[in-house]
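Pasted below: coords_37.pdb, PDB, C-alpha atoms.
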```
MODEL        1
ATOM      1  CA  MET B   4      15.068 -58.393  13.620
ATOM      2  CA  LYS B   5      16.569 -59.879  10.472
ATOM      3  CA  GLY B   6      14.329 -60.503   7.479
ATOM      4  CA  THR B   7      11.704 -58.743   5.372
ATOM      5  CA  TRP B   8       9.461 -56.190   7.064
ATOM      6  CA  GLN B   9       6.089 -55.010   5.770
ATOM      7  CA  ILE B  10       4.574 -51.705   6.898
ATOM      8  CA  ASN B  11       1.003 -50.639   6.089
ATOM      9  CA  ILE B  12      -0.122 -47.036   6.591
ATOM     10  CA  ILE B  13      -3.617 -45.644   6.059
ATOM     11  CA  SER B  14      -3.741 -41.848   6.112
ATOM     12  CA  ASN B  15      -5.695 -38.980   4.571
ATOM     13  CA  GLN B  16      -2.682 -36.671   4.943
ATOM     14  CA  PRO B  17       0.798 -36.733   3.367
ATOM     15  CA  TYR B  18       3.334 -38.605   5.457
ATOM     16  CA  THR B  19       7.011 -39.517   5.522
ATOM     17  CA  LEU B  20       8.390 -42.827   6.749
ATOM     18  CA  LYS B  21      12.030 -43.234   7.719
ATOM     19  CA  VAL B  22      13.519 -46.533   8.843
ATOM     20  CA  THR B  23      17.000 -46.578  10.373
ATOM     21  CA  GLY B  24      19.052 -49.662  11.172
ATOM     22  CA  GLN B  25      22.598 -50.878  11.716
ATOM     23  CA  SER B  26      24.597 -52.854   9.183
ATOM     24  CA  THR B  27      28.098 -54.150   8.599
ATOM     25  CA  ILE B  28      27.804 -52.981   4.978
ATOM     26  CA  THR B  29      28.232 -49.274   4.379
ATOM     27  CA  PHE B  30      29.355 -46.837   1.698
ATOM     28  CA  ILE B  31      30.491 -43.265   1.211
ATOM     29  CA  TYR B  32      30.346 -41.270  -2.003
ATOM     30  CA  ASP B  33      31.450 -38.086  -3.736
ATOM     31  CA  PHE B  34      30.357 -36.463  -6.956
ATOM     32  CA  VAL B  35      33.478 -36.153  -9.095
ATOM     33  CA  GLU B  36      34.567 -34.773 -12.447
ATOM     34  CA  ARG B  37      37.243 -35.829 -14.900
ATOM     35  CA  PHE B  38      40.343 -33.697 -15.343
ATOM     36  CA  GLY B  39      43.149 -33.846 -17.876
ATOM     37  CA  GLY B  40      46.696 -32.547 -17.793
ATOM     38  CA  PRO B  41      49.916 -34.484 -17.117
ATOM     39  CA  HIS B  42      48.194 -36.722 -14.541
ATOM     40  CA  PRO B  43      44.541 -37.227 -15.580
ATOM     41  CA  GLY B  44      42.015 -38.634 -13.154
ATOM     42  CA  TYR B  45      38.980 -37.651 -11.092
ATOM     43  CA  ALA B  46      38.569 -34.804  -8.621
ATOM     44  CA  VAL B  47      35.772 -34.131  -6.137
ATOM     45  CA  LEU B  48      33.211 -31.791  -7.678
ATOM     46  CA  SER B  49      33.440 -28.310  -6.198
ATOM     47  CA  GLY B  50      29.799 -27.535  -5.534
ATOM     48  CA  HIS B  51      26.657 -29.482  -6.319
ATOM     49  CA  PRO B  52      25.758 -31.461  -9.460
ATOM     50  CA  GLN B  53      23.438 -29.900 -12.021
ATOM     51  CA  ALA B  54      19.822 -30.988 -12.364
ATOM     52  CA  GLY B  55      19.051 -32.727 -15.638
ATOM     53  CA  GLN B  56      22.731 -33.159 -16.507
ATOM     54  CA  PRO B  57      24.920 -36.302 -16.473
ATOM     55  CA  ALA B  58      27.007 -36.818 -13.350
ATOM     56  CA  ILE B  59      29.768 -39.089 -12.056
ATOM     57  CA  LEU B  60      29.928 -40.546  -8.544
ATOM     58  CA  MET B  61      32.812 -42.308  -6.829
ATOM     59  CA  LEU B  62      31.579 -44.790  -4.210
ATOM     60  CA  SER B  63      33.663 -46.623  -1.616
ATOM     61  CA  VAL B  64      31.858 -49.739  -0.360
ATOM     62  CA  ILE B  65      32.857 -51.738   2.713
ATOM     63  CA  GLY B  66      31.442 -55.152   3.645
ATOM     64  CA  ARG B  67      31.663 -57.190   6.817
ATOM     65  CA  LYS B  68      34.915 -58.779   5.585
ATOM     66  CA  GLY B  69      36.272 -55.912   3.541
ATOM     67  CA  PRO B  70      35.461 -54.505   0.092
ATOM     68  CA  SER B  71      35.745 -57.874  -1.666
ATOM     69  CA  SER B  72      32.883 -59.365   0.381
ATOM     70  CA  VAL B  73      30.167 -57.448  -1.516
ATOM     71  CA  THR B  74      28.990 -57.310  -5.120
ATOM     72  CA  ILE B  75      27.429 -54.075  -6.394
ATOM     73  CA  GLY B  76      24.294 -54.550  -8.480
ATOM     74  CA  ASP B  77      22.664 -51.147  -8.905
ATOM     75  CA  VAL B  78      23.165 -47.504  -7.921
ATOM     76  CA  SER B  79      20.323 -44.995  -8.265
ATOM     77  CA  LEU B  80      19.402 -41.451  -7.244
ATOM     78  CA  VAL B  81      16.032 -41.242  -5.469
ATOM     79  CA  THR B  82      14.202 -37.960  -4.862
ATOM     80  CA  VAL B  83      13.160 -37.266  -1.280
ATOM     81  CA  SER B  84       9.809 -35.572  -1.912
ATOM     82  CA  GLY B  85       8.635 -37.347  -5.052
ATOM     83  CA  PRO B  86       8.543 -40.611  -6.985
ATOM     84  CA  GLU B  87      11.355 -39.731  -9.402
ATOM     85  CA  THR B  88      14.243 -42.197  -9.492
ATOM     86  CA  VAL B  89      17.276 -42.128 -11.789
ATOM     87  CA  ARG B  90      18.252 -45.734 -12.496
ATOM     88  CA  ASN B  91      20.059 -45.349 -15.819
ATOM     89  CA  SER B  92      23.583 -45.724 -14.489
ATOM     90  CA  THR B  93      26.816 -47.280 -15.699
ATOM     91  CA  ILE B  94      28.973 -48.934 -13.029
ATOM     92  CA  THR B  95      32.732 -49.432 -13.339
ATOM     93  CA  ASP B  96      34.660 -51.389 -10.711
ATOM     94  CA  MET B  97      37.829 -49.426  -9.886
ATOM     95  CA  GLY B  98      39.124 -52.072  -7.465
ATOM     96  CA  ASN B  99      39.600 -52.142  -3.686
ATOM     97  CA  GLY B 100      35.943 -51.339  -3.032
ATOM     98  CA  ASP B 101      35.840 -48.205  -5.201
ATOM     99  CA  VAL B 102      33.089 -47.971  -7.809
ATOM    100  CA  LEU B 103      32.708 -45.303 -10.497
ATOM    101  CA  VAL B 104      29.067 -44.610 -11.370
ATOM    102  CA  THR B 105      27.871 -42.500 -14.307
ATOM    103  CA  VAL B 106      24.209 -41.414 -14.303
ATOM    104  CA  ASP B 107      22.358 -40.032 -17.325
ATOM    105  CA  ALA B 108      20.709 -37.133 -15.500
ATOM    106  CA  VAL B 109      20.540 -35.794 -11.943
ATOM    107  CA  PRO B 110      16.948 -35.429 -10.630
ATOM    108  CA  GLU B 111      15.415 -32.123  -9.591
ATOM    109  CA  GLY B 112      15.263 -31.228  -5.895
ATOM    110  CA  GLU B 113      16.810 -33.102  -2.989
ATOM    111  CA  PHE B 114      17.737 -36.748  -3.421
ATOM    112  CA  VAL B 115      19.605 -39.628  -1.797
ATOM    113  CA  VAL B 116      21.931 -42.270  -3.225
ATOM    114  CA  CYS B 117      20.551 -45.822  -3.122
ATOM    115  CA  LEU B 118      22.900 -48.802  -3.396
ATOM    116  CA  LYS B 119      21.831 -52.407  -4.065
ATOM    117  CA  GLY B 120      23.993 -55.491  -4.164
ATOM    118  CA  THR B 121      24.789 -58.907  -2.722
ATOM    119  CA  ASP B 122      26.589 -59.803   0.499
ATOM    120  CA  LYS B 123      28.937 -62.638  -0.488
ATOM    121  CA  VAL B 124      29.341 -63.755   3.134
ATOM    122  CA  SER B 125      25.648 -64.457   3.768
ATOM    123  CA  GLY B 126      24.580 -64.803   0.139
ATOM    124  CA  SER B 127      21.734 -62.333   0.720
ATOM    125  CA  ASP B 128      20.754 -59.197  -1.185
ATOM    126  CA  PHE B 129      21.083 -55.816   0.502
ATOM    127  CA  GLN B 130      19.977 -52.234  -0.060
ATOM    128  CA  ARG B 131      21.608 -49.184   1.515
ATOM    129  CA  GLN B 132      20.692 -45.509   1.339
ATOM    130  CA  SER B 133      22.905 -42.500   1.996
ATOM    131  CA  THR B 134      22.226 -40.840   5.341
ATOM    132  CA  THR B 135      22.540 -37.326   3.921
ATOM    133  CA  GLN B 136      20.412 -35.647   1.278
ATOM    134  CA  MET B 137      21.964 -33.985  -1.756
ATOM    135  CA  SER B 138      20.635 -30.956  -3.601
ATOM    136  CA  VAL B 139      21.398 -29.757  -7.108
ATOM    137  CA  SER B 140      22.855 -26.602  -8.582
ATOM    138  CA  LYS B 141      22.058 -24.796 -11.817
ATOM    139  CA  VAL B 142      25.561 -23.307 -12.060
ATOM    140  CA  ASN B 143      28.618 -25.308 -13.106
ATOM    141  CA  ILE B 144      32.245 -24.153 -12.772
ATOM    142  CA  LYS B 145      35.215 -25.882 -14.393
ATOM    143  CA  ALA B 146      38.826 -25.008 -13.605
ATOM    144  CA  VAL B 147      41.811 -27.207 -14.468
ATOM    145  CA  ALA B 148      45.443 -26.347 -13.704
ATOM    146  CA  ASP B 149      47.427 -27.770 -16.635
ATOM    147  CA  LYS B 150      50.817 -26.634 -15.328
ATOM    148  CA  SER B 151      52.655 -26.061 -12.051
ATOM    149  CA  MET B 152      53.325 -22.739 -10.347
ATOM    150  CA  GLU B 153      56.924 -21.509 -10.424
ATOM    151  CA  PRO B 154      58.478 -19.007  -7.983
ATOM    152  CA  GLY B 155      58.671 -15.493  -9.380
ATOM    153  CA  LYS B 156      56.449 -16.255 -12.370
ATOM    154  CA  THR B 157      52.857 -15.290 -13.040
ATOM    155  CA  PHE B 158      50.413 -18.208 -12.987
ATOM    156  CA  THR B 159      47.178 -18.153 -14.982
ATOM    157  CA  LEU B 160      44.280 -20.474 -14.153
ATOM    158  CA  PRO B 161      41.584 -20.607 -16.853
ATOM    159  CA  PHE B 162      38.019 -21.377 -15.810
ATOM    160  CA  SER B 163      34.597 -21.751 -17.403
ATOM    161  CA  VAL B 164      31.143 -21.019 -15.973
ATOM    162  CA  MET B 165      27.751 -22.206 -17.230
ATOM    163  CA  THR B 166      24.209 -21.900 -15.898
ATOM    164  CA  GLN B 167      21.090 -23.923 -16.617
ATOM    165  CA  GLY B 168      19.078 -21.206 -14.893
ATOM    166  CA  SER B 169      18.498 -17.608 -15.875
ATOM    167  CA  GLY B 170      21.182 -15.913 -17.932
ATOM    168  CA  GLY B 171      22.616 -12.522 -17.059
ATOM    169  CA  GLN B 172      25.497 -11.061 -15.100
ATOM    170  CA  TYR B 173      27.079 -13.269 -12.421
ATOM    171  CA  SER B 174      29.562 -11.988  -9.831
ATOM    172  CA  ILE B 175      32.922 -13.775  -9.648
ATOM    173  CA  SER B 176      34.855 -14.308  -6.413
ATOM    174  CA  ALA B 177      38.102 -16.210  -5.822
ATOM    175  CA  ARG B 178      40.601 -16.745  -3.011
ATOM    176  CA  ASN B 179      43.611 -18.903  -2.182
ATOM    177  CA  ASP B 180      44.866 -20.258   1.140
ATOM    178  CA  LYS B 181      48.382 -18.761   0.694
ATOM    179  CA  ASN B 182      47.164 -15.162   0.344
ATOM    180  CA  PHE B 183      48.897 -14.760  -3.029
ATOM    181  CA  PRO B 184      47.837 -11.591  -4.892
ATOM    182  CA  MET B 185      45.236 -12.400  -7.546
ATOM    183  CA  SER B 186      43.390 -10.619 -10.316
ATOM    184  CA  LYS B 187      40.090 -11.762 -11.823
ATOM    185  CA  PRO B 188      37.087 -10.354 -13.645
ATOM    186  CA  PRO B 189      34.471  -8.883 -11.285
ATOM    187  CA  SER B 190      31.661 -10.572 -13.212
ATOM    188  CA  LEU B 191      30.732 -12.653 -16.255
ATOM    189  CA  THR B 192      27.706 -12.425 -18.516
ATOM    190  CA  LEU B 193      26.204 -15.887 -18.962
ATOM    191  CA  ILE B 194      23.846 -17.267 -21.582
ATOM    192  CA  THR B 195      21.757 -20.236 -20.462
ATOM    193  CA  GLY B 196      23.353 -23.536 -21.477
ATOM    194  CA  GLN B 197      26.606 -21.987 -22.740
ATOM    195  CA  TYR B 198      30.012 -21.797 -21.069
ATOM    196  CA  ALA B 199      31.671 -18.409 -20.572
ATOM    197  CA  ASN B 200      35.473 -18.509 -20.313
ATOM    198  CA  SER B 201      37.815 -16.358 -18.257
ATOM    199  CA  SER B 202      40.870 -16.749 -16.017
ATOM    200  CA  VAL B 203      42.380 -15.945 -12.631
ATOM    201  CA  THR B 204      45.942 -14.603 -12.554
ATOM    202  CA  ILE B 205      48.155 -15.242  -9.512
ATOM    203  CA  THR B 206      51.268 -13.090  -9.148
TER     204      THR B 206
ENDMDL
END
```
For the file at hand, write its structure as structure tokens.
Amino acid sequence: MKGTWQINIISNQPYTLKVTGQSTITFIYDFVERFGGPHPGYAVLSGHPQAGQPAILMLSVIGRKGPSSVTIGDVSLVTVSGPETVRNSTITDMGNGDVLVTVDAVPEGEFVVCLKGTDKVSGSDFQRQSTTQMSVSKVNIKAVADKSMEPGKTFTLPFSVMTQGSGGQYSISARNDKNFPMSKPPSLTLITGQYANSSVTIT
């Protein structure tokens, strides 16, 4: 039934309430990171975002009459098992229904993405929540290929690793889908909050 619903629950025990419905307005999202090189842009983050650190999301929003039929008002990250909500976000319209969202800090634990806006067709406000829960990581890996591979030549891919968790020795693994021979360090010693640099060599 269309309209505002009110639910009252009286309980002496913890509880979880989940409401599921159907809508002509939907969205998908990815956590992304900026990359440089000859063709700078955004790439899907390999792994999970880090708790307490800034993050960038790319959202694709679709309304009942296409992307132009909705206006995005707010994007927030809401924790599943607690009251914490990250609302300090900057929204940039990338066109064609794509929205770039920068948040100040990713919350601890599992969270969902909450989207608020206006349906231009009906003139009503809407709120949508991602159907999947996201968790965070304390390890961040950055690797950017700033040149192309050439036949018969060795290719070196630099990468950096940082942890917000406990420092110490971290094992390094790498593979490629073409089965090219590779060499890499077996491990890196990390200091909390600092990047350690190394590289993978493909021959």
Q. So which one's closest to Gln53 (chain B), B:Lys68, B:Arg37, B:Lys141, B:Lys123? Using only C-alpha atoms, please.
A.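 Using only C-alpha atoms, the shortest distance to Gln53 (chain B) belongs to B:Lys141.
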Q | Within 10 Å of Asp101 (chain B) using only C-alpha atoms, minus same-chain residues under 5 positions, as a list in words | A |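 Final neighbour list, sorted by chain and number: Phe30, Ile31, Tyr32, Met61, Leu62, Ser63, Val64, Ile65, Pro70, Thr95 and Asp96 of chain B.
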Taking the file as shown, find all residues satisfying the PyMOL selection byres ((chain B and resi 29) around 12) and write them as an mmCIF file with C-alpha atoms, keeping the file's coordinate frame.
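Result file is selection_23.cif:
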```cif
data_model
loop_
_atom_site.group_PDB
_atom_site.id
_atom_site.type_symbol
_atom_site.label_atom_id
_atom_site.label_comp_id
_atom_site.auth_asym_id
_atom_site.auth_seq_id
_atom_site.Cartn_x
_atom_site.Cartn_y
_atom_site.Cartn_z
ATOM 1 C CA GLY B 24 19.052 -49.662 11.172
ATOM 2 C CA GLN B 25 22.598 -50.878 11.716
ATOM 3 C CA SER B 26 24.597 -52.854 9.183
ATOM 4 C CA THR B 27 28.098 -54.150 8.599
ATOM 5 C CA ILE B 28 27.804 -52.981 4.978
ATOM 6 C CA PHE B 30 29.355 -46.837 1.698
ATOM 7 C CA ILE B 31 30.491 -43.265 1.211
ATOM 8 C CA TYR B 32 30.346 -41.270 -2.003
ATOM 9 C CA LEU B 62 31.579 -44.790 -4.210
ATOM 10 C CA SER B 63 33.663 -46.623 -1.616
ATOM 11 C CA VAL B 64 31.858 -49.739 -0.360
ATOM 12 C CA ILE B 65 32.857 -51.738 2.713
ATOM 13 C CA GLY B 66 31.442 -55.152 3.645
ATOM 14 C CA ARG B 67 31.663 -57.190 6.817
ATOM 15 C CA LYS B 68 34.915 -58.779 5.585
ATOM 16 C CA GLY B 69 36.272 -55.912 3.541
ATOM 17 C CA PRO B 70 35.461 -54.505 0.092
ATOM 18 C CA SER B 72 32.883 -59.365 0.381
ATOM 19 C CA VAL B 73 30.167 -57.448 -1.516
ATOM 20 C CA ILE B 75 27.429 -54.075 -6.394
ATOM 21 C CA GLY B 100 35.943 -51.339 -3.032
ATOM 22 C CA CYS B 117 20.551 -45.822 -3.122
ATOM 23 C CA LEU B 118 22.900 -48.802 -3.396
ATOM 24 C CA LYS B 119 21.831 -52.407 -4.065
ATOM 25 C CA GLY B 120 23.993 -55.491 -4.164
ATOM 26 C CA ASP B 122 26.589 -59.803 0.499
ATOM 27 C CA PHE B 129 21.083 -55.816 0.502
ATOM 28 C CA GLN B 130 19.977 -52.234 -0.060
ATOM 29 C CA ARG B 131 21.608 -49.184 1.515
ATOM 30 C CA GLN B 132 20.692 -45.509 1.339
ATOM 31 C CA SER B 133 22.905 -42.500 1.996
ATOM 32 C CA THR B 134 22.226 -40.840 5.341
#
```
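Atom pair CA of Val139 (chain B) / CA of Lys187 (chain B) has a distance of 26.4 Å (rounded to one decimal).
Closest approach to Gly112 (chain B) among B:Val203, B:Ser79, B:Gly98, B:Ala54: B:Ala54, based on all atoms listed in the file.
Among the candidates B:Ser49, B:Ile59, B:Gly40, B:Ser84, the one nearest to Pro17 (chain B) when counting all atoms listed in the file is B:Ser84.
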Q) How far is it from CA of Ser138 (chain B) to CA of Asp180 (chain B), in Å with one decimal? A)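 CA of Asp180 (chain B) lies at a distance of 26.9 Å from CA of Ser138 (chain B).
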Q: Go through B:Ser174, B:Ile205, B:Leu193, B:Phe34 one by one, measure the shortest atom-to-atom distance of each to Phe158 (chain B) using all atoms listed in the file, and give the residue with the smallest value.
A: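 Closest candidate: B:Ile205.
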Q) Closest to Ala58 (chain B) among B:Ala199, B:Ala148, B:Val109, B:Met165, using all atoms listed in the file? A) B:Val109
(Q) What's the separation between CA of Ser71 (chain B) and CA of Val115 (chain B), in Å to one decimal place? (A)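 A separation of 24.4 Å between them.
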Given the PyMOL selection byres ((chain B and resi 190) around 9), the residues it picks as a short mmCIF file (atom, residue, chain, number, x, y, z; two decimals) with C-alpha atoms, keeping the file's coordinate frame:
```
data_model
loop_
_atom_site.label_atom_id
_atom_site.label_comp_id
_atom_site.auth_asym_id
_atom_site.auth_seq_id
_atom_site.Cartn_x
_atom_site.Cartn_y
_atom_site.Cartn_z
CA GLN B 172 25.50 -11.06 -15.10
CA TYR B 173 27.08 -13.27 -12.42
CA SER B 174 29.56 -11.99 -9.83
CA ILE B 175 32.92 -13.78 -9.65
CA SER B 176 34.85 -14.31 -6.41
CA LYS B 187 40.09 -11.76 -11.82
CA PRO B 188 37.09 -10.35 -13.64
CA PRO B 189 34.47 -8.88 -11.28
CA LEU B 191 30.73 -12.65 -16.26
CA THR B 192 27.71 -12.42 -18.52
#
```
As lines of an AutoDock Vina configuration file, please report the centre and edge lengths, rounded to one decimal in Å, of the axis-aligned box that holds all listed atoms of region 122-137 of chain B with 3 Å of padding on each of the six sides.
```
center_x = 24.7
center_y = -49.4
center_z = 1.8
size_x = 15.4
size_y = 36.8
size_z = 13.1
```
